[in-house]
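A.B. asks: So that you have it, the file is my_file36.tsv, and it contains TSV, C-alpha atoms:
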```
chain	number	residue	atom	x	y	z
A	574	MET	CA	-25.52	59.27	6.41
A	575	LYS	CA	-25.73	58.16	2.78
A	576	LYS	CA	-22.00	58.72	2.30
A	577	ILE	CA	-21.20	56.79	5.47
A	578	LEU	CA	-23.37	53.88	4.30
A	579	ILE	CA	-21.59	53.82	0.94
A	580	VAL	CA	-18.19	53.79	2.67
A	581	VAL	CA	-19.27	50.97	4.98
A	582	LEU	CA	-20.59	48.91	2.09
A	583	ALA	CA	-17.42	49.50	0.09
A	584	LEU	CA	-15.29	48.50	3.07
A	585	SER	CA	-17.40	45.36	3.51
A	586	VAL	CA	-16.82	44.39	-0.11
A	587	VAL	CA	-13.06	44.88	0.30
A	588	LEU	CA	-13.00	42.82	3.49
A	589	MET	CA	-15.07	40.06	1.88
A	590	GLY	CA	-12.75	40.03	-1.09
A	591	SER	CA	-9.77	39.79	1.22
A	592	ALA	CA	-11.37	36.91	3.09
A	593	PHE	CA	-11.97	35.00	-0.12
A	594	ALA	CA	-8.45	35.75	-1.32
A	595	ALA	CA	-7.06	34.45	1.96
A	596	LYS	CA	-8.36	30.92	1.33
A	597	THR	CA	-5.39	28.69	0.49
A	598	VAL	CA	-6.05	26.00	-2.12
A	599	VAL	CA	-4.27	22.66	-1.77
A	600	THR	CA	-4.29	20.29	-4.73
A	601	PHE	CA	-4.00	16.64	-3.73
A	602	TRP	CA	-3.30	14.14	-6.52
A	603	ASN	CA	-4.34	10.58	-5.75
A	604	SER	CA	-5.38	7.24	-7.20
A	605	MET	CA	-8.23	6.54	-4.81
A	606	GLY	CA	-11.29	5.41	-6.75
A	607	GLY	CA	-14.39	3.46	-5.74
A	608	ALA	CA	-15.08	3.03	-2.02
A	609	GLN	CA	-11.64	4.40	-1.15
A	610	GLY	CA	-12.32	7.53	-3.17
A	611	LYS	CA	-15.67	8.09	-1.46
A	612	ALA	CA	-14.08	7.71	1.98
A	613	LEU	CA	-11.32	10.14	1.03
A	614	SER	CA	-13.90	12.66	-0.21
A	615	GLN	CA	-15.69	12.48	3.13
A	616	ILE	CA	-12.42	13.14	4.97
A	617	VAL	CA	-11.57	16.06	2.68
A	618	ASP	CA	-15.04	17.56	3.13
A	619	GLU	CA	-14.73	17.30	6.90
A	620	PHE	CA	-11.31	18.97	6.87
A	621	ASN	CA	-12.52	21.80	4.64
A	622	ALA	CA	-15.52	22.37	6.89
A	623	GLN	CA	-13.23	22.68	9.90
A	624	HIS	CA	-10.68	24.89	8.11
A	625	PRO	CA	-12.53	27.75	6.36
A	626	ASN	CA	-9.27	29.34	5.22
A	627	ILE	CA	-8.07	26.17	3.43
A	628	GLU	CA	-9.61	24.27	0.54
A	629	VAL	CA	-8.18	20.84	-0.20
A	630	LYS	CA	-9.07	19.66	-3.68
A	631	SER	CA	-8.83	15.88	-3.99
A	632	ILE	CA	-7.99	15.13	-7.62
A	633	TYR	CA	-8.22	11.57	-8.92
A	634	VAL	CA	-5.69	11.36	-11.75
A	635	GLY	CA	-6.01	7.65	-12.62
A	636	ASN	CA	-4.29	4.49	-11.46
A	637	TYR	CA	-0.84	4.39	-9.89
A	638	GLY	CA	0.85	4.00	-13.26
A	639	VAL	CA	-0.77	7.20	-14.50
A	640	LEU	CA	-0.04	9.00	-11.23
A	641	VAL	CA	3.68	8.27	-11.22
A	642	GLN	CA	4.06	9.36	-14.84
A	643	LYS	CA	2.28	12.65	-14.12
A	644	LEU	CA	4.46	13.24	-11.07
A	645	LEU	CA	7.71	12.54	-12.88
A	646	ALA	CA	6.65	14.75	-15.78
A	647	GLY	CA	5.58	17.45	-13.32
A	648	ALA	CA	8.97	17.35	-11.62
A	649	VAL	CA	10.55	18.28	-14.96
A	650	SER	CA	7.98	20.89	-16.01
A	651	GLY	CA	7.41	22.36	-12.56
A	652	GLN	CA	3.71	21.51	-12.79
A	653	LEU	CA	3.29	19.55	-9.57
A	654	PRO	CA	0.35	19.51	-7.17
A	655	THR	CA	0.70	20.76	-3.60
A	656	MET	CA	0.77	17.17	-2.34
A	657	SER	CA	0.31	13.64	-3.63
A	658	GLN	CA	0.26	9.95	-2.90
A	659	VAL	CA	3.70	8.45	-3.54
A	660	TYR	CA	5.34	5.07	-3.26
A	661	SER	CA	8.73	5.14	-1.57
A	662	ASN	CA	10.58	4.47	-4.81
A	663	TRP	CA	8.74	7.39	-6.42
A	664	THR	CA	9.88	9.56	-3.54
A	665	ALA	CA	13.47	8.48	-4.17
A	666	GLN	CA	13.10	9.40	-7.86
A	667	LEU	CA	11.51	12.77	-7.08
A	668	MET	CA	14.17	13.55	-4.49
A	669	LYS	CA	16.71	13.55	-7.31
A	670	SER	CA	14.87	16.55	-8.74
A	671	ASN	CA	14.86	18.22	-5.30
A	672	VAL	CA	11.09	18.77	-5.39
A	673	VAL	CA	10.05	16.89	-2.24
A	674	GLN	CA	9.76	19.02	0.86
A	675	PRO	CA	10.89	16.86	3.79
A	676	MET	CA	8.12	16.38	6.34
A	677	GLN	CA	10.86	16.78	8.93
A	678	LYS	CA	10.66	20.55	8.32
A	679	PHE	CA	7.07	20.59	9.54
A	680	ILE	CA	7.43	17.89	12.19
A	681	ASP	CA	10.17	19.89	13.94
A	682	ASP	CA	8.28	23.19	13.83
A	683	PRO	CA	7.75	24.27	17.49
A	684	ASN	CA	4.39	25.84	16.67
A	685	VAL	CA	2.66	23.40	14.29
A	686	GLY	CA	4.84	20.28	14.41
A	687	LEU	CA	4.36	16.90	16.04
A	688	SER	CA	5.18	16.21	19.65
A	689	LYS	CA	7.34	13.23	20.55
A	690	SER	CA	4.26	11.30	21.61
A	691	GLN	CA	2.45	12.12	18.35
A	692	LEU	CA	5.42	10.96	16.31
A	693	ALA	CA	5.75	7.80	18.43
A	694	ASP	CA	2.04	7.14	17.81
A	695	ILE	CA	2.82	6.31	14.17
A	696	TRP	CA	3.76	2.64	13.86
A	697	LYS	CA	7.54	2.39	13.86
A	698	PRO	CA	7.82	0.40	10.58
A	699	PHE	CA	6.00	3.21	8.76
A	700	ILE	CA	8.34	5.88	10.10
A	701	LYS	CA	11.35	3.81	9.07
A	702	ALA	CA	10.02	3.35	5.55
A	703	ASN	CA	9.48	7.11	5.15
A	704	THR	CA	12.98	8.05	6.27
A	705	TRP	CA	16.02	8.74	4.10
A	706	ASN	CA	19.42	9.61	5.58
A	707	GLY	CA	17.91	10.14	9.00
A	708	LYS	CA	15.28	12.61	7.76
A	709	ILE	CA	11.53	11.93	7.43
A	710	TYR	CA	10.52	12.94	3.90
A	711	THR	CA	7.01	11.51	3.70
A	712	LEU	CA	4.35	10.15	6.03
A	713	PRO	CA	2.18	7.02	5.66
A	714	PHE	CA	-1.23	7.19	4.02
A	715	ASN	CA	-2.99	4.12	2.62
A	716	LYS	CA	-1.17	1.09	3.97
A	717	SER	CA	-2.12	-2.55	3.59
A	718	ILE	CA	-0.39	-5.85	4.28
A	719	TYR	CA	-0.36	-9.22	2.57
A	720	ILE	CA	-2.71	-11.81	4.06
A	721	LEU	CA	-4.26	-15.18	3.28
A	722	TYR	CA	-7.92	-15.23	2.20
A	723	VAL	CA	-9.67	-18.45	3.20
A	724	ASN	CA	-13.01	-20.10	2.31
A	725	THR	CA	-13.75	-21.47	5.78
A	726	ASP	CA	-16.69	-23.53	4.53
A	727	ALA	CA	-14.36	-25.35	2.14
A	728	LEU	CA	-11.83	-25.94	4.92
A	729	MET	CA	-14.52	-27.26	7.24
A	730	LEU	CA	-15.80	-29.70	4.62
A	731	ALA	CA	-12.25	-30.97	4.13
A	732	GLY	CA	-11.69	-31.21	7.89
A	733	LEU	CA	-8.83	-28.72	7.79
A	734	ASP	CA	-7.67	-25.82	9.94
A	735	ILE	CA	-6.30	-22.60	8.48
A	736	PRO	CA	-2.70	-23.28	7.42
A	737	ARG	CA	-0.12	-21.58	9.62
A	738	THR	CA	3.07	-22.59	7.77
A	739	ILE	CA	4.07	-22.84	4.12
A	740	PRO	CA	4.32	-26.66	4.25
A	741	GLU	CA	0.78	-26.74	5.65
A	742	LEU	CA	-0.37	-24.41	2.85
A	743	ILE	CA	1.07	-26.71	0.19
A	744	LYS	CA	-0.50	-29.76	1.81
A	745	ASP	CA	-3.90	-28.08	2.18
A	746	ALA	CA	-3.85	-26.80	-1.41
A	747	LYS	CA	-3.78	-30.43	-2.53
A	748	LEU	CA	-6.50	-31.55	-0.11
A	749	LEU	CA	-8.78	-28.67	-1.08
A	750	THR	CA	-8.51	-29.32	-4.83
A	751	ILE	CA	-11.66	-30.96	-6.16
A	752	LYS	CA	-12.16	-32.56	-9.57
A	753	ASP	CA	-15.33	-33.70	-11.31
A	754	SER	CA	-15.87	-37.18	-12.77
A	755	SER	CA	-14.06	-36.22	-15.95
A	756	GLY	CA	-10.99	-35.10	-14.06
A	757	LYS	CA	-11.60	-31.39	-14.56
A	758	VAL	CA	-10.68	-29.19	-11.59
A	759	ILE	CA	-13.79	-27.47	-10.22
A	760	GLN	CA	-12.10	-26.07	-7.12
A	761	TYR	CA	-8.43	-25.26	-6.83
A	762	GLY	CA	-7.00	-25.37	-3.35
A	763	LEU	CA	-5.00	-22.20	-3.87
A	764	GLY	CA	-4.90	-19.17	-6.14
A	765	LEU	CA	-1.73	-17.16	-6.83
A	766	ARG	CA	-1.12	-14.11	-8.97
A	767	THR	CA	1.81	-14.47	-11.36
A	768	THR	CA	3.44	-11.27	-10.14
A	769	VAL	CA	6.60	-10.03	-8.49
A	770	ASP	CA	4.52	-9.39	-5.37
A	771	THR	CA	3.57	-13.05	-5.00
A	772	PHE	CA	7.19	-14.08	-5.38
A	773	GLU	CA	8.29	-11.46	-2.90
A	774	VAL	CA	5.70	-12.53	-0.30
A	775	PHE	CA	7.04	-16.08	-0.19
A	776	LEU	CA	10.67	-15.02	-0.62
A	777	ARG	CA	10.49	-12.77	2.43
A	778	GLN	CA	8.73	-15.46	4.44
A	779	GLU	CA	11.85	-17.56	3.85
A	780	GLY	CA	14.16	-14.72	4.87
A	781	GLY	CA	15.19	-13.82	1.34
A	782	HIS	CA	15.21	-10.54	-0.60
A	783	ILE	CA	15.38	-9.49	-4.23
A	784	LEU	CA	18.33	-7.18	-3.56
A	785	THR	CA	21.34	-7.41	-1.30
A	786	PRO	CA	21.03	-5.53	2.03
A	787	ASP	CA	22.90	-2.51	0.65
A	788	PHE	CA	20.61	-2.41	-2.45
A	789	LYS	CA	23.71	-2.42	-4.65
A	790	ARG	CA	23.08	-5.62	-6.60
A	791	GLY	CA	20.57	-8.37	-7.23
A	792	ASN	CA	20.24	-11.26	-4.80
A	793	LEU	CA	18.36	-13.67	-7.05
A	794	ASP	CA	21.35	-15.93	-7.52
A	795	SER	CA	20.74	-17.18	-3.97
A	796	LYS	CA	19.47	-20.63	-3.04
A	797	VAL	CA	16.47	-19.20	-1.21
A	798	ALA	CA	15.36	-17.29	-4.32
A	799	LEU	CA	15.59	-20.41	-6.49
A	800	ASP	CA	13.84	-22.60	-3.92
A	801	THR	CA	11.03	-20.06	-3.60
A	802	LEU	CA	10.36	-19.75	-7.31
A	803	LYS	CA	10.58	-23.52	-7.76
A	804	MET	CA	7.97	-23.93	-5.04
A	805	LEU	CA	5.59	-21.54	-6.83
A	806	VAL	CA	6.13	-23.27	-10.16
A	807	ASP	CA	5.65	-26.72	-8.59
A	808	LEU	CA	2.35	-25.57	-7.09
A	809	VAL	CA	1.13	-24.60	-10.55
A	810	LYS	CA	2.43	-27.82	-12.12
A	811	SER	CA	0.74	-29.91	-9.43
A	812	GLY	CA	-2.70	-28.82	-10.61
A	813	THR	CA	-3.65	-27.63	-7.14
A	814	THR	CA	-3.01	-23.95	-7.79
A	815	PHE	CA	-4.83	-21.58	-10.12
A	816	ALA	CA	-2.51	-18.91	-11.50
A	817	GLN	CA	-3.33	-15.66	-13.26
A	818	GLY	CA	-1.95	-12.15	-13.46
A	819	GLY	CA	-5.14	-10.36	-12.38
A	820	TYR	CA	-6.86	-10.04	-9.02
A	821	LEU	CA	-8.28	-13.17	-7.45
A	822	ASP	CA	-11.30	-11.94	-5.51
A	823	GLY	CA	-13.52	-12.94	-8.47
A	824	PRO	CA	-12.35	-16.58	-8.71
A	825	PHE	CA	-12.50	-16.79	-4.91
A	826	GLY	CA	-16.04	-15.41	-4.82
A	827	ASN	CA	-17.34	-17.89	-7.41
A	828	GLY	CA	-15.74	-20.85	-5.64
A	829	LYS	CA	-13.00	-21.52	-8.17
A	830	ILE	CA	-10.28	-21.24	-5.50
A	831	ALA	CA	-10.43	-22.00	-1.78
A	832	MET	CA	-7.52	-19.80	-0.66
A	833	TYR	CA	-5.44	-16.99	-2.08
A	834	VAL	CA	-2.79	-14.47	-1.06
A	835	ASP	CA	-3.17	-10.74	-1.60
A	836	THR	CA	-3.23	-7.45	0.30
A	837	SER	CA	-5.76	-6.41	2.89
A	838	ALA	CA	-6.83	-3.59	0.56
A	839	GLY	CA	-8.89	-6.21	-1.28
A	840	ILE	CA	-11.10	-7.14	1.67
A	841	SER	CA	-14.05	-5.00	0.55
A	842	TYR	CA	-13.78	-6.33	-3.02
A	843	THR	CA	-13.67	-9.89	-1.73
A	844	ALA	CA	-16.75	-9.31	0.43
A	845	ARG	CA	-18.66	-8.12	-2.63
A	846	SER	CA	-17.43	-11.04	-4.73
A	847	VAL	CA	-18.46	-13.61	-2.12
A	848	GLY	CA	-21.77	-11.88	-1.49
A	849	GLY	CA	-22.77	-14.22	1.33
A	850	LYS	CA	-22.43	-17.41	-0.77
A	851	PHE	CA	-20.10	-18.99	1.80
A	852	ALA	CA	-18.24	-18.20	5.02
A	853	TRP	CA	-14.75	-16.80	4.67
A	854	THR	CA	-12.06	-15.06	6.67
A	855	ILE	CA	-8.49	-13.84	6.53
A	856	ALA	CA	-5.35	-15.08	8.26
A	857	PRO	CA	-1.65	-14.23	8.39
A	858	VAL	CA	0.40	-15.34	5.41
A	859	PRO	CA	1.65	-18.82	6.36
A	860	LYS	CA	5.06	-18.65	7.99
A	861	GLY	CA	8.27	-19.90	6.44
A	862	LYS	CA	11.58	-19.49	8.25
A	863	VAL	CA	10.32	-16.08	9.40
A	864	GLN	CA	7.15	-14.01	9.47
A	865	ALA	CA	7.73	-10.95	7.28
A	866	PRO	CA	4.66	-10.20	5.11
A	867	PRO	CA	5.23	-7.20	2.83
A	868	PHE	CA	3.40	-3.94	3.38
A	869	ALA	CA	1.83	-2.28	0.36
A	870	GLY	CA	0.41	1.15	-0.24
A	871	THR	CA	1.55	4.74	-0.49
A	872	ASP	CA	2.66	7.74	1.53
A	873	ILE	CA	1.98	11.49	1.46
A	874	ALA	CA	4.49	13.91	-0.05
A	875	ILE	CA	4.40	17.71	-0.07
A	876	PHE	CA	6.22	19.50	-2.88
A	877	LYS	CA	8.60	22.45	-2.75
A	878	THR	CA	7.07	23.86	-5.94
A	879	ALA	CA	3.99	24.88	-3.94
A	880	SER	CA	3.92	28.23	-2.17
A	881	GLU	CA	4.86	28.46	1.49
A	882	ALA	CA	1.20	28.99	2.36
A	883	GLN	CA	0.13	25.95	0.36
A	884	GLN	CA	2.80	23.79	1.98
A	885	LYS	CA	1.69	24.85	5.45
A	886	ALA	CA	-1.94	24.14	4.53
A	887	ALA	CA	-0.96	20.73	3.15
A	888	TRP	CA	0.81	20.02	6.43
A	889	GLU	CA	-2.37	20.85	8.33
A	890	PHE	CA	-4.25	18.35	6.15
A	891	THR	CA	-1.52	15.73	6.66
A	892	LYS	CA	-1.84	16.13	10.44
A	893	PHE	CA	-5.62	15.82	10.07
A	894	LEU	CA	-5.17	12.52	8.23
A	895	LEU	CA	-3.13	11.21	11.17
A	896	LYS	CA	-5.80	11.96	13.76
A	897	PRO	CA	-6.91	8.73	15.50
A	898	GLU	CA	-10.59	9.20	14.68
A	899	ILE	CA	-9.79	9.89	11.02
A	900	GLN	CA	-7.49	6.86	10.84
A	901	ALA	CA	-10.17	4.67	12.41
A	902	PHE	CA	-12.75	5.93	9.90
A	903	TRP	CA	-10.34	5.43	6.97
A	904	ALA	CA	-9.40	1.89	8.03
A	905	ILE	CA	-12.99	0.83	8.67
A	906	LYS	CA	-14.24	2.20	5.35
A	907	THR	CA	-11.39	0.93	3.16
A	908	GLY	CA	-9.66	-2.07	4.74
A	909	TYR	CA	-6.38	-0.17	4.95
A	910	LEU	CA	-4.38	-0.26	8.16
A	911	PRO	CA	-4.66	2.51	10.73
A	912	VAL	CA	-1.20	4.07	10.66
A	913	VAL	CA	-1.40	5.42	14.21
A	914	LYS	CA	-1.71	3.22	17.28
A	915	SER	CA	-4.18	5.55	19.01
A	916	ALA	CA	-6.80	4.74	16.34
A	917	LEU	CA	-7.21	1.40	18.09
A	918	ASP	CA	-8.40	3.23	21.22
A	919	THR	CA	-11.25	5.04	19.49
A	920	GLN	CA	-14.77	3.82	20.16
A	921	ALA	CA	-15.37	3.45	16.43
A	922	TRP	CA	-12.47	1.01	16.09
A	923	LYS	CA	-13.39	-0.89	19.27
A	924	ASP	CA	-16.94	-1.38	17.99
A	925	TYR	CA	-15.69	-2.38	14.55
A	926	SER	CA	-13.07	-4.87	15.74
A	927	ALA	CA	-15.52	-6.42	18.21
A	928	SER	CA	-17.77	-7.45	15.34
A	929	ASN	CA	-15.00	-7.96	12.75
A	930	PRO	CA	-12.35	-10.45	13.89
A	931	MET	CA	-10.50	-9.82	10.63
A	932	ALA	CA	-9.44	-6.42	11.97
A	933	LYS	CA	-7.50	-8.03	14.79
A	934	VAL	CA	-5.66	-10.24	12.29
A	935	LEU	CA	-4.47	-7.19	10.37
A	936	ILE	CA	-3.25	-5.33	13.44
A	937	SER	CA	-1.42	-8.41	14.71
A	938	GLN	CA	0.74	-8.43	11.58
A	939	ILE	CA	1.95	-4.81	11.63
A	940	PRO	CA	5.01	-5.49	13.84
A	941	TYR	CA	6.16	-8.21	11.42
A	942	GLY	CA	5.61	-6.29	8.19
A	943	SER	CA	8.43	-5.58	5.72
A	944	PHE	CA	8.90	-2.88	3.08
A	945	ASP	CA	10.18	-2.61	-0.47
A	946	PRO	CA	13.54	-0.86	-0.94
A	947	GLY	CA	13.10	2.91	-1.13
A	948	ILE	CA	15.36	3.41	-4.13
A	949	ALA	CA	14.61	5.17	-7.39
A	950	GLU	CA	15.36	2.07	-9.49
A	951	TRP	CA	12.85	-0.15	-7.68
A	952	TYR	CA	9.95	0.38	-10.10
A	953	THR	CA	12.07	-0.75	-13.06
A	954	ILE	CA	13.49	-3.64	-11.07
A	955	ARG	CA	10.00	-4.77	-10.07
A	956	THR	CA	8.94	-4.76	-13.71
A	957	LYS	CA	11.85	-6.97	-14.79
A	958	VAL	CA	11.46	-9.41	-11.91
A	959	GLY	CA	7.70	-9.53	-12.48
A	960	ALA	CA	8.19	-10.52	-16.11
A	961	ALA	CA	10.58	-13.27	-15.06
A	962	VAL	CA	8.25	-14.62	-12.37
A	963	SER	CA	5.32	-14.60	-14.79
A	964	ASP	CA	7.32	-16.51	-17.40
A	965	ALA	CA	8.29	-19.12	-14.83
A	966	MET	CA	4.80	-19.56	-13.37
A	967	PHE	CA	3.29	-19.84	-16.85
A	968	LEU	CA	6.00	-22.42	-17.62
A	969	LYS	CA	7.59	-20.37	-20.39
A	970	LYS	CA	10.98	-20.43	-18.65
A	971	THR	CA	12.53	-22.66	-16.04
A	972	PRO	CA	12.98	-21.08	-12.60
A	973	GLU	CA	16.73	-21.07	-13.23
A	974	GLU	CA	16.37	-19.27	-16.56
A	975	ALA	CA	13.89	-16.76	-15.16
A	976	LEU	CA	16.03	-15.85	-12.17
A	977	GLN	CA	19.19	-15.59	-14.24
A	978	TYR	CA	17.42	-13.17	-16.57
A	979	ALA	CA	16.09	-11.13	-13.63
A	980	GLN	CA	19.47	-11.09	-11.88
A	981	ASP	CA	21.22	-9.86	-15.02
A	982	GLN	CA	18.59	-7.16	-15.55
A	983	ILE	CA	18.79	-5.96	-11.94
A	984	ASN	CA	22.56	-5.69	-12.02
A	985	LYS	CA	22.38	-3.84	-15.33
A	986	ILE	CA	19.87	-1.37	-13.87
A	987	LEU	CA	22.03	-0.84	-10.78
A	988	GLY	CA	25.19	-0.44	-12.85
A	989	VAL	CA	26.93	-3.53	-11.51
A	990	LYS	CA	30.04	-4.28	-13.54
A	991	LYS	CA	30.47	-7.83	-14.75
```
Before anything else, please render the file you have as structure tokens.
C.D. replies:
Amino acid sequence: MKKILIVVLALSVVLMGSAFAAKTVVTFWNSMGGAQGKALSQIVDEFNAQHPNIEVKSIYVGNYGVLVQKLLAGAVSGQLPTMSQVYSNWTAQLMKSNVVQPMQKFIDDPNVGLSKSQLADIWKPFIKANTWNGKIYTLPFNKSIYILYVNTDALMLAGLDIPRTIPELIKDAKLLTIKDSSGKVIQYGLGLRTTVDTFEVFLRQEGGHILTPDFKRGNLDSKVALDTLKMLVDLVKSGTTFAQGGYLDGPFGNGKIAMYVDTSAGISYTARSVGGKFAWTIAPVPKGKVQAPPFAGTDIAIFKTASEAQQKAAWEFTKFLLKPEIQAFWAIKTGYLPVVKSALDTQAWKDYSASNPMAKVLISQIPYGSFDPGIAEWYTIRTKVGAAVSDAMFLKKTPEEALQYAQDQINKILGVKK
């Protein structure tokens, strides 16, 4: 009996060891801090609880700038995580090193893939933005869209409605600007960041783009590009628009600006900045010739450098992220967009949107949203155009000089021969 007991105990130890060894660890690099990081941790904990043989480790590596540098370095050294947040231009860069495992491999798997209805559940613009050469390489994660933040108390005092067009925005910026007896501005009608994103928001609303449709050369020598930058510079010169490089939720919250344009990812920050001092809301970016507000945010990539087991486990986590109830939770907690349509049918989302009209504004804009070019050179191009836009909005260069510089830089980056 004693010998049998010893054998049973020994066998139990072996089986327990095998069970522990069978747990597949998935490392997930991300840049989700603050409230977004807490929400992500809750999702990861829930997944791990439901999948005892998988352990997803959410690893915050720093801001997006730090993340992309670590990923590019990892592609060279072979030290990549199992999966990571990626912008589309990062994906294009990483694809050159052949380290991105196309999601199409998993999507098409007859046993663990996505059905046609599940794939169709993802908003079409997001699928398009994650596709290269007809193959889906990544899937959407934290997506936001550019919107207009509005101090509704300030508008009501001025007898104004929320501007729906760019001409109305310009007019209202003037009417909402308030000066004290000495002539000092105490409330600007509008706030704008001096970034490439601001320029791109208004450029796309006028039907323009930084690059030509084939992404082969710059398109900043166009009339629409010049008219757009001139408009932004004129707004600053008029004294109705407060311009700075940093985020604008602070100036908005302390009443320095009555309206500003930024992504929906800032809603929670804006709520904290306002802190109940006045009534505010969000609205679509005022329309120009078209309605095409840019999307922002990243996607999920799985890397070939991970083991087959890790890749399969990462795919299970990716599918978990796309569940309607998870997407509803993620969107409610963070202000990001639900990337699947079925999230809107969950009770959690219905309750949330019933008491938060802002949610309906965000969803209404998804069909109109536009994406950045998914090319490897885009990050460098953005940097050059951003510097030019900043110089123009801070009146260091004329719009013509700034755009000529940016156009030359873009064409140099893309290898366009003079």
A.B. asks: Return the single residue from A:Ser755, A:Gln609, A:Ser811, A:Thr878 that is closest to Pro654 of chain A, with distances computed using all atoms listed in the file.
C.D. replies: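 Checking each of A:Ser755, A:Gln609, A:Ser811, A:Thr878 against Pro654 of chain A, counting all atoms listed in the file, the winner is A:Thr878.
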A.B. asks: Restricting the calculation to only C-alpha atoms, which member of A:Glu741, A:Asp618, A:Glu773, A:Glu628 is positioned closest to Phe944 of chain A?
C.D. replies: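 For Phe944 of chain A, the nearest of the candidates is A:Glu773.
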A.B. asks: Nearest to Val672 of chain A: which of A:Ala608, A:Ala693, A:Leu644, A:Ile936 is it, counting all atoms listed in the file?
C.D. replies: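 Among A:Ala608, A:Ala693, A:Leu644, A:Ile936, it is A:Leu644 that comes nearest to Val672 of chain A.
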A.B. asks: Counting all atoms listed in the file, which residues have an atom no more than 12 Å from (-10.5, -7.6, 3.6) in the file's coordinates? Please list them as number ranges by chain.
C.D. replies: A: 717-723, 822, 834-847, 853-856, 904-910, 929-935
A.B. asks: Restrict the selected residues to C-alpha atoms and save them as an mmCIF file, in the frame of the given file.
C.D. replies:
```cif
data_model
loop_
_atom_site.group_PDB
_atom_site.id
_atom_site.type_symbol
_atom_site.label_atom_id
_atom_site.label_comp_id
_atom_site.auth_asym_id
_atom_site.auth_seq_id
_atom_site.Cartn_x
_atom_site.Cartn_y
_atom_site.Cartn_z
ATOM 1 C CA SER A 717 -2.120 -2.550 3.590
ATOM 2 C CA ILE A 718 -0.390 -5.850 4.280
ATOM 3 C CA TYR A 719 -0.360 -9.220 2.570
ATOM 4 C CA ILE A 720 -2.710 -11.810 4.060
ATOM 5 C CA LEU A 721 -4.260 -15.180 3.280
ATOM 6 C CA TYR A 722 -7.920 -15.230 2.200
ATOM 7 C CA VAL A 723 -9.670 -18.450 3.200
ATOM 8 C CA ASP A 822 -11.300 -11.940 -5.510
ATOM 9 C CA VAL A 834 -2.790 -14.470 -1.060
ATOM 10 C CA ASP A 835 -3.170 -10.740 -1.600
ATOM 11 C CA THR A 836 -3.230 -7.450 0.300
ATOM 12 C CA SER A 837 -5.760 -6.410 2.890
ATOM 13 C CA ALA A 838 -6.830 -3.590 0.560
ATOM 14 C CA GLY A 839 -8.890 -6.210 -1.280
ATOM 15 C CA ILE A 840 -11.100 -7.140 1.670
ATOM 16 C CA SER A 841 -14.050 -5.000 0.550
ATOM 17 C CA TYR A 842 -13.780 -6.330 -3.020
ATOM 18 C CA THR A 843 -13.670 -9.890 -1.730
ATOM 19 C CA ALA A 844 -16.750 -9.310 0.430
ATOM 20 C CA ARG A 845 -18.660 -8.120 -2.630
ATOM 21 C CA SER A 846 -17.430 -11.040 -4.730
ATOM 22 C CA VAL A 847 -18.460 -13.610 -2.120
ATOM 23 C CA TRP A 853 -14.750 -16.800 4.670
ATOM 24 C CA THR A 854 -12.060 -15.060 6.670
ATOM 25 C CA ILE A 855 -8.490 -13.840 6.530
ATOM 26 C CA ALA A 856 -5.350 -15.080 8.260
ATOM 27 C CA ALA A 904 -9.400 1.890 8.030
ATOM 28 C CA ILE A 905 -12.990 0.830 8.670
ATOM 29 C CA LYS A 906 -14.240 2.200 5.350
ATOM 30 C CA THR A 907 -11.390 0.930 3.160
ATOM 31 C CA GLY A 908 -9.660 -2.070 4.740
ATOM 32 C CA TYR A 909 -6.380 -0.170 4.950
ATOM 33 C CA LEU A 910 -4.380 -0.260 8.160
ATOM 34 C CA ASN A 929 -15.000 -7.960 12.750
ATOM 35 C CA PRO A 930 -12.350 -10.450 13.890
ATOM 36 C CA MET A 931 -10.500 -9.820 10.630
ATOM 37 C CA ALA A 932 -9.440 -6.420 11.970
ATOM 38 C CA LYS A 933 -7.500 -8.030 14.790
ATOM 39 C CA VAL A 934 -5.660 -10.240 12.290
ATOM 40 C CA LEU A 935 -4.470 -7.190 10.370
#
```
A.B. asks: Restricting the calculation to all atoms listed in the file, which member of A:Leu917, A:Ala869, A:Leu728, A:Leu968 is positioned closest to Ala831 of chain A?
C.D. replies: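 With all atoms listed in the file as the atom set, the closest residue is A:Leu728.
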A.B. asks: Here's a test: counting only C-alpha atoms, identify every protein, DNA and RNA residue with an atom at most 12 Å from (2.0, -24.0, 7.7) in the file's coordinate frame, and state them as a list in words.
C.D. replies: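 The answer, in the requested form, is Leu721, Leu733, Asp734, Ile735, Pro736, Arg737, Thr738, Ile739, Pro740, Glu741, Leu742, Ile743, Lys744, Asp745, Ala746, Gln778, Ala856, Pro857, Val858, Pro859, Lys860, Gly861, Lys862, Val863 and Gln864 of chain A.
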A.B. asks: Using atom CA of Ser690 of chain A and atom CA of Gln938 of chain A as the two end points, give the distance in Å to one decimal.
C.D. replies: 22.4 Å
A.B. asks: Kindly indicate which residue among A:Ala665, A:Ala879, A:Val962, A:Met656 lies nearest to Thr801 of chain A, using all atoms listed in the file for the distances.
C.D. replies: A:Val962
A.B. asks: Tell me which protein, DNA and RNA residues are within 10 Å of Lys829 of chain A, counting all atoms listed in the file, leaving out same-chain ones fewer than 6 positions away, and put them as a CSV table (one decimal) with C-alpha atoms, keeping the file's coordinate frame.
C.D. replies:
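Just written: result_20.csv:
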```csv
chain,number,residue,atom,x,y,z
A,750,THR,CA,-8.5,-29.3,-4.8
A,751,ILE,CA,-11.7,-31.0,-6.2
A,758,VAL,CA,-10.7,-29.2,-11.6
A,759,ILE,CA,-13.8,-27.5,-10.2
A,760,GLN,CA,-12.1,-26.1,-7.1
A,761,TYR,CA,-8.4,-25.3,-6.8
A,762,GLY,CA,-7.0,-25.4,-3.4
A,763,LEU,CA,-5.0,-22.2,-3.9
A,764,GLY,CA,-4.9,-19.2,-6.1
A,815,PHE,CA,-4.8,-21.6,-10.1
A,821,LEU,CA,-8.3,-13.2,-7.4
A,823,GLY,CA,-13.5,-12.9,-8.5
```
